[in-house]
Every structure is written in structure tokens, then in C-alpha cells.
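Inspection log for the structure reproduced underneath, given as C-alpha cells.
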Amino acid sequence: MPHHILIVDDSPTDIEVMKKILGSQGYKTSTAMGGEEGIRKANELKPDLVIMDIVMPGTDGFKTTRKITKGADTKTIPVIVVSSKDLETDRAWAKMQGAKEYFVKPVNAEELLKTIKKYLV
């Protein structure tokens, strides 16, 4: 059965890019257009991994990451942040919220896929 990855991003364009990258490797994907939906879907679907954007209306990616990585039913799900924010403080804060890795958009597909494989054993 293919690994299931949840993409949480409010940009339809970025979601399509991610789906294409992940689909090319046979991953099954689900999407959430924001933090609240991301938290709900992580709890419902129990994906193998979450790709998280930071800048979203409502619940941002930092809060969403924290809720997923600290949630009783979702704390074992690795979260990889893919964001347009490129500051060292953003990287540090994302890791403090429980993110495993941090990539800056536009993401290097090879690097991302190599990293994803590390967490999907």
C-alpha cells in the first residue's frame, strides 16, 4: 500500500506542485487548505507524513504543526515544513513546534523526496 502524505497549504498552485512531486513517486496524497482543516484531516486520516506550509490564514503552520506533533493520536506523524519564509528564526521555531525538517519554496524535489524517504520506513 502506498504511503499517504497530507499536504497542508493554502496555495492551490503549491498544492499542485507538491501532488506532482509526490505522485511521481507513487505516494497517495490528501490536501488541506489551511491549519484547522489540516489538524482535522491529520486526526481523521492518520497520514504517514505531513507537508506543512507556514503562512496561511487562520491557524498558521507553526500552530498547526504543534497541534499535530503534540496531539495524542497524531504525535507520531512526522511533519516537514515547506515554506516561503527563509529566516533562521522561522526554521528554529518550526523545529521547536515539532517539525522534523524545513524546506524553503520553491522546493528542490530531489532533496524533498530523499528527506521524505528517511521518515517513511
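Chain labels A, B, ... are given in the sequence in which chains occur in the C-alpha cells; within each chain residues are numbered consecutively from 1, and ligands are likewise numbered from 1 in the order shown.
The shell of residues at most 12 Å from Glu88 of chain A, with only C-alpha atoms counted and near chain neighbours (fewer than 4 positions) removed, consists of Ala92, Trp93, Ala94, Lys95, Tyr102, Phe103 and Val104 of chain A.
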- For Leu22 of chain A, please output as a PyMOL selection string all residues within 12 Å (counting only C-alpha atoms; exclusion window: fewer than 4 positions along the same chain). chain A and resi 2-7+15-18+26-30+49-51+109-110+112-114+116-117
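With only C-alpha atoms as the basis for measurement, A:Gly61 is the residue among A:Pro47, A:Pro106, A:Gly61, A:Pro78 that approaches Gly34 of chain A most closely.
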- Query: Would you give me, as a ChimeraX atom specification, the residues in chain A that DSSP reads as strand (DSSP E or B)?
  - Reply: /A:4-8,28-32,49-52,79-83,101-104
- Query: Any idea what's packed within 7 Å of Met33 of chain A, counting only C-alpha atoms, ignoring anything in its chain fewer than 3 positions away? Could you give it as a ChimeraX atom specification?
  - Reply: /A:8-10,37
Output for the residues just chosen: N, CA and C atoms as an mmCIF file, in the first residue's frame:
```cif
data_model
loop_
_atom_site.group_PDB
_atom_site.id
_atom_site.type_symbol
_atom_site.label_atom_id
_atom_site.label_comp_id
_atom_site.auth_asym_id
_atom_site.auth_seq_id
_atom_site.Cartn_x
_atom_site.Cartn_y
_atom_site.Cartn_z
ATOM 1 N N VAL A 8 -0.630 20.356 3.639
ATOM 2 C CA VAL A 8 -1.394 21.455 4.240
ATOM 3 C C VAL A 8 -0.818 22.766 3.689
ATOM 4 N N ASP A 9 -1.584 23.428 2.826
ATOM 5 C CA ASP A 9 -1.120 24.654 2.163
ATOM 6 C C ASP A 9 -2.342 25.398 1.643
ATOM 7 N N ASP A 10 -2.320 26.721 1.718
ATOM 8 C CA ASP A 10 -3.470 27.493 1.240
ATOM 9 C C ASP A 10 -3.314 27.920 -0.215
ATOM 10 N N GLU A 37 -8.258 22.738 8.962
ATOM 11 C CA GLU A 37 -8.573 21.558 8.145
ATOM 12 C C GLU A 37 -7.429 20.545 8.217
#
```
- Choose the residue, out of A:Ile21, A:Ala99, A:Met52, A:Met1, that has the smallest atom-to-atom separation from Ser83 of chain A; count only C-alpha atoms. A:Met52
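Between Ser84 of chain A and the candidates A:Met56, A:Leu45, A:Val121, A:Ile39, the tightest atom-to-atom separation, counting only C-alpha atoms, involves A:Met56.
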- Message: So that I can check the secondary structure, give me every residue of chain A assigned helix (DSSP H, G or I) by backbone DSSP, as a count of residues only.
- Response: 53
- Item | Exercise: Glu36 of chain A partners within 9 Å, only C-alpha atoms, chain neighbours under 2 positions left out, as a PyMOL selection string | chain A and resi 32-34+38-41+58-60+64
